[in-house]
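Heads up, the thing below is written out as C-alpha cells.
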Amino acid sequence: MHTPASGNGHRQPSRPGGTSPAAGQSTVEQVLYEVKKVIVGQDLLLERLMVALLARGHILVEGVPGLAKTLAVKSLAEAVGGQFHRVQFTPDLVPADITGTRTYHQHSGEFQVSLGPVFTNLLLADEINRAPAKVQSALLEVMQEHQVTIGRETHHVPEPFLVLATQNPIESDGTYPLPEAQVDRFMMKVLVGYPTATEEFVIVERAVSPGAAIQRIIDPAQLIELQRQADRVYVDPSLIEYAVRLTAATRDPGLVGQPQLARYVTYGASPRASINLVLAGRALGFLRGRDYALPQDLTDLALDVLRHRLVMSYEALADEVGADAVLDRIMSALPVPELAMQGR
C-alpha cells in the first residue's frame with residue numbers, strides 16, 4: 001500500500017502511531033528558540049546537540065576558549081528541564097572525583113556511597129584532555145553503559161544522559177591525548193569556530209545588558225518520548241549500505257578508487273561509526289520534521305561522526321593532511337544513493 005507522495009517528491013512510509021514528526025519538530029524548535037535567547041550563532045553546534053540528545057549519543061567539541069560552549073550546554077539543560085553538572089578537568093583529578101566513592105561513617109559503622117557529578121542528565125567535561133588517562137577512562141563505563149560501578153555496587157545514571165566534552169586545540173602543555181577507546185564512544189566531534197562580525201556585535205550587546213531568562217519547554221520524560229519517536233524514523237537499507245561502505249572506505253580507500261589516501265590513514269573507523277552515522281542521520285531526519293531519513297541527513301553528519309575516529313599517519317602530519325580532507329575525498333568518490341521511497 002502506497003502513501004501519498006511528499007512535497008519533495010519522495011513517498012513517506014506510514015508512521016506507526018505516536019505524535020507526528022511535524023509536532024516533534026515544533027517542540028524541538030521551541031527548545032532551540034529558548035537556547036537562542038542567550039546563544040548567538042552556533043547553529044551547527046546546537047543542531048548537533050539536539051541530534052545527540054535524540055540519538056542518545058555524546059559529543060566532543062573542539063574550539064578555542066570563549067565560544068560559549070559551556071553556556072550552550074547549560075542553556076539546553078534549562079530548556080529541557082534536566083540536571084546539569086560541569087566538571088573542570090585538571091591533572092590532579094582522580095576517578096572518584098567524577099564517578100563517586102565509598103566513605104566510612106564512624107557513627108554508624110557503615111560505608112555509604114557518595115555519587116559523583118556524572119549522575120546528571122547533561123554532563124559537561126570541560127577541557128577533558130587536561131586529565132590523565134585514568135580519569136578519562138573512568139568515563140568509559142558511564143558513557144557506554146549509563147552506569148557506574150563503585151565497589152561492588154552498580155548505580156545507573158538518570159535518563160536521558162549526555163556527555164559533552166570540550167578540548168582546546170591550541171594548547172599542548174599539561175594535556176593528555178584521549179584514549180582511542182574513549183574517543184570512539186563519542187557519537188560526534190564538532191568543530192566550533194569564531195563568530196562573524198555581526199554575531200560578535202550581538203554577543204557583546206547582550207553581554208552588557210541583563211540576560212534573558214530561559215523557560216523550561218519540556219521535561220526529561222518528554223525528551224525520552226521524543227527519543228522514542230526518533231527511533232521510529234524509517235531508514236532505507238540503501239542508507240545503511242552507504243554508511244557501511246563509507247566507513248569501510250576509511251579503512252581501505254582503494255574501495256572507492258582512492259588508494260593514494262591509504263598512506264595518510266593508519267587506522268580507519270570502526271563499525272561503531274556506521275552505527276552512529278545511521279542513528280544520528282535518523283535523529284536529524286526527525287529534527288527536520290520527517291518520519292524517514294534521506295541521504296543528505298547522513299552526508300551532513302558524516303564529517304562530525306567520522307573525523308575523530310581516523311588515526312592519521314605521520315605522513316599525513318608531515319603533509320598537513322587532516323581527517324576532514326581525507327573524508328571529503330572519500331565522500332566525493334562514493335556515490336550517494338538515490339531513494340525512491342515506497343510505502344512499507
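A note on labels: chains of the C-alpha cells are A, B, ... as shown, every chain counts residues from 1, and ligands are counted from 1 in their shown order.
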Next on the checklist: When you look at Pro179 of chain A with a cut-off of 10 Å (counting only C-alpha atoms), what residues show up, excluding the ones that are within fewer than 5 positions of it in the same chain? I need them as a ChimeraX atom specification.
Outcome noted: /A:129,133-134,136-137,184
Based on the selection just made, write N, CA and C atoms of those residues as a short mmCIF file (atom, residue, chain, number, x, y, z; two decimals), in the first residue's frame.
```
data_model
loop_
_atom_site.label_atom_id
_atom_site.label_comp_id
_atom_site.auth_asym_id
_atom_site.auth_seq_id
_atom_site.Cartn_x
_atom_site.Cartn_y
_atom_site.Cartn_z
N ASN A 129 40.93 16.86 27.94
CA ASN A 129 42.29 16.39 27.67
C ASN A 129 43.31 16.91 28.68
N ALA A 133 45.00 9.78 31.83
CA ALA A 133 44.24 8.71 31.17
C ALA A 133 43.36 7.94 32.15
N LYS A 134 43.79 7.79 33.39
CA LYS A 134 42.99 7.04 34.36
C LYS A 134 41.65 7.72 34.59
N GLN A 136 40.18 9.94 32.47
CA GLN A 136 39.44 9.89 31.22
C GLN A 136 38.77 8.52 31.05
N SER A 137 39.48 7.47 31.40
CA SER A 137 38.94 6.12 31.25
C SER A 137 37.81 5.84 32.23
N ASP A 184 36.27 6.86 20.52
CA ASP A 184 35.33 6.12 19.69
C ASP A 184 33.93 6.10 20.27
#
```
Checklist entry - segment 209-213 of chain A: which residues within 9 Å, counting only C-alpha atoms, same-chain residues fewer than 2 positions away excluded, as a list in words? => result Glu34, Lys37, Val38, Val204, Glu205, Arg206, Ala207 and Gln215 of chain A
Item to check | For Pro337 of chain A, the nearest of the candidates A:His58, A:His146, A:Arg245, A:Lys36, counting only C-alpha atoms | outcome: A:Arg245
Checklist entry - Which residue, A:Ser313, A:Ala269, A:Ala52, A:Thr250, has the smallest gap to Asp328 of chain A when you use only C-alpha atoms? => result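 Using only C-alpha atoms, Asp328 of chain A sits closest to A:Thr250.
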Checklist entry - Which of these, A:Leu239, A:Ile59, A:Val202, A:Ala262, has the shortest distance to Pro335 of chain A once you count only C-alpha atoms? => result A:Leu239
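Distance check against Glu78 of chain A using only C-alpha atoms: of A:Leu334, A:Val31, A:Gln260, A:Glu200, the minimum falls on A:Val31.
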Which residues, written as a CSV table (one decimal) with C-alpha atoms, in the first residue's frame, have at least one atom at most 9 Å from Leu67 of chain A, with only C-alpha atoms counted and residues fewer than 5 positions away on the same chain left out?
```csv
chain,number,residue,atom,x,y,z
A,42,GLN,CA,26.5,28.4,16.8
A,192,VAL,CA,33.4,25.3,16.8
A,193,GLY,CA,34.8,28.4,15.0
A,194,TYR,CA,34.8,32.1,15.7
A,195,PRO,CA,31.6,34.1,15.2
```
Within 7 Å of segment 271-283 of chain A, counting only C-alpha atoms, which residues qualify if same-chain residues fewer than 6 places away don't, as a PDB file with N, CA and C atoms, in the first residue's frame?
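Output (part_8.pdb):
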```
ATOM      1  N   VAL A  51      20.616  16.567  18.021  1.00  0.00           N
ATOM      2  CA  VAL A  51      20.745  15.256  17.390  1.00  0.00           C
ATOM      3  C   VAL A  51      21.271  14.244  18.407  1.00  0.00           C
ATOM      4  N   LEU A  54      18.560  13.302  20.903  1.00  0.00           N
ATOM      5  CA  LEU A  54      17.547  12.414  20.323  1.00  0.00           C
ATOM      6  C   LEU A  54      18.106  11.025  20.045  1.00  0.00           C
ATOM      7  N   ALA A  55      19.397  10.950  19.702  1.00  0.00           N
ATOM      8  CA  ALA A  55      20.012   9.665  19.350  1.00  0.00           C
ATOM      9  C   ALA A  55      20.748   9.024  20.515  1.00  0.00           C
ATOM     10  N   MET A 187      29.731  10.044  19.840  1.00  0.00           N
ATOM     11  CA  MET A 187      28.997   9.928  18.588  1.00  0.00           C
ATOM     12  C   MET A 187      29.526  10.905  17.555  1.00  0.00           C
ATOM     13  N   ALA A 230      11.891   9.448  17.575  1.00  0.00           N
ATOM     14  CA  ALA A 230      13.011   9.452  16.631  1.00  0.00           C
ATOM     15  C   ALA A 230      13.438   8.029  16.281  1.00  0.00           C
ATOM     16  N   VAL A 233      11.796   6.564  13.127  1.00  0.00           N
ATOM     17  CA  VAL A 233      12.080   7.116  11.808  1.00  0.00           C
ATOM     18  C   VAL A 233      12.616   6.012  10.897  1.00  0.00           C
ATOM     19  N   VAL A 235      14.641   4.164   8.100  1.00  0.00           N
ATOM     20  CA  VAL A 235      15.940   4.259   7.429  1.00  0.00           C
ATOM     21  C   VAL A 235      15.978   3.212   6.329  1.00  0.00           C
ATOM     22  N   ILE A 240      21.798   2.458   4.993  1.00  0.00           N
ATOM     23  CA  ILE A 240      22.667   1.645   5.852  1.00  0.00           C
ATOM     24  C   ILE A 240      23.861   1.136   5.049  1.00  0.00           C
ATOM     25  N   ALA A 243      26.337   3.955   4.653  1.00  0.00           N
ATOM     26  CA  ALA A 243      27.115   4.186   5.874  1.00  0.00           C
ATOM     27  C   ALA A 243      28.208   3.128   6.024  1.00  0.00           C
ATOM     28  N   VAL A 244      27.876   1.883   5.722  1.00  0.00           N
ATOM     29  CA  VAL A 244      28.853   0.797   5.837  1.00  0.00           C
ATOM     30  C   VAL A 244      29.971   0.982   4.816  1.00  0.00           C
ATOM     31  N   THR A 247      32.267   3.898   5.845  1.00  0.00           N
ATOM     32  CA  THR A 247      33.154   3.524   6.944  1.00  0.00           C
ATOM     33  C   THR A 247      34.243   2.567   6.471  1.00  0.00           C
ATOM     34  N   ALA A 293      14.520   9.004   6.875  1.00  0.00           N
ATOM     35  CA  ALA A 293      15.821   9.645   6.685  1.00  0.00           C
ATOM     36  C   ALA A 293      16.143   9.735   5.202  1.00  0.00           C
ATOM     37  N   ASP A 297      20.748  13.652   5.192  1.00  0.00           N
ATOM     38  CA  ASP A 297      20.868  13.591   6.648  1.00  0.00           C
ATOM     39  C   ASP A 297      22.179  12.920   7.051  1.00  0.00           C
ATOM     40  N   LEU A 298      22.561  11.883   6.310  1.00  0.00           N
ATOM     41  CA  LEU A 298      23.807  11.188   6.620  1.00  0.00           C
ATOM     42  C   LEU A 298      25.025  11.971   6.152  1.00  0.00           C
ATOM     43  N   LEU A 301      26.133  14.856   8.348  1.00  0.00           N
ATOM     44  CA  LEU A 301      26.729  14.495   9.639  1.00  0.00           C
ATOM     45  C   LEU A 301      27.987  13.651   9.503  1.00  0.00           C
ATOM     46  N   ALA A 302      28.335  13.272   8.294  1.00  0.00           N
ATOM     47  CA  ALA A 302      29.422  12.312   8.105  1.00  0.00           C
ATOM     48  C   ALA A 302      30.742  12.794   8.691  1.00  0.00           C
ATOM     49  N   VAL A 305      30.720  12.621  12.508  1.00  0.00           N
ATOM     50  CA  VAL A 305      30.712  11.262  13.053  1.00  0.00           C
ATOM     51  C   VAL A 305      32.048  10.557  12.829  1.00  0.00           C
ATOM     52  N   LEU A 306      32.754  10.897  11.755  1.00  0.00           N
ATOM     53  CA  LEU A 306      33.924  10.116  11.356  1.00  0.00           C
ATOM     54  C   LEU A 306      35.266  10.761  11.677  1.00  0.00           C
TER      55      LEU A 306
END
```
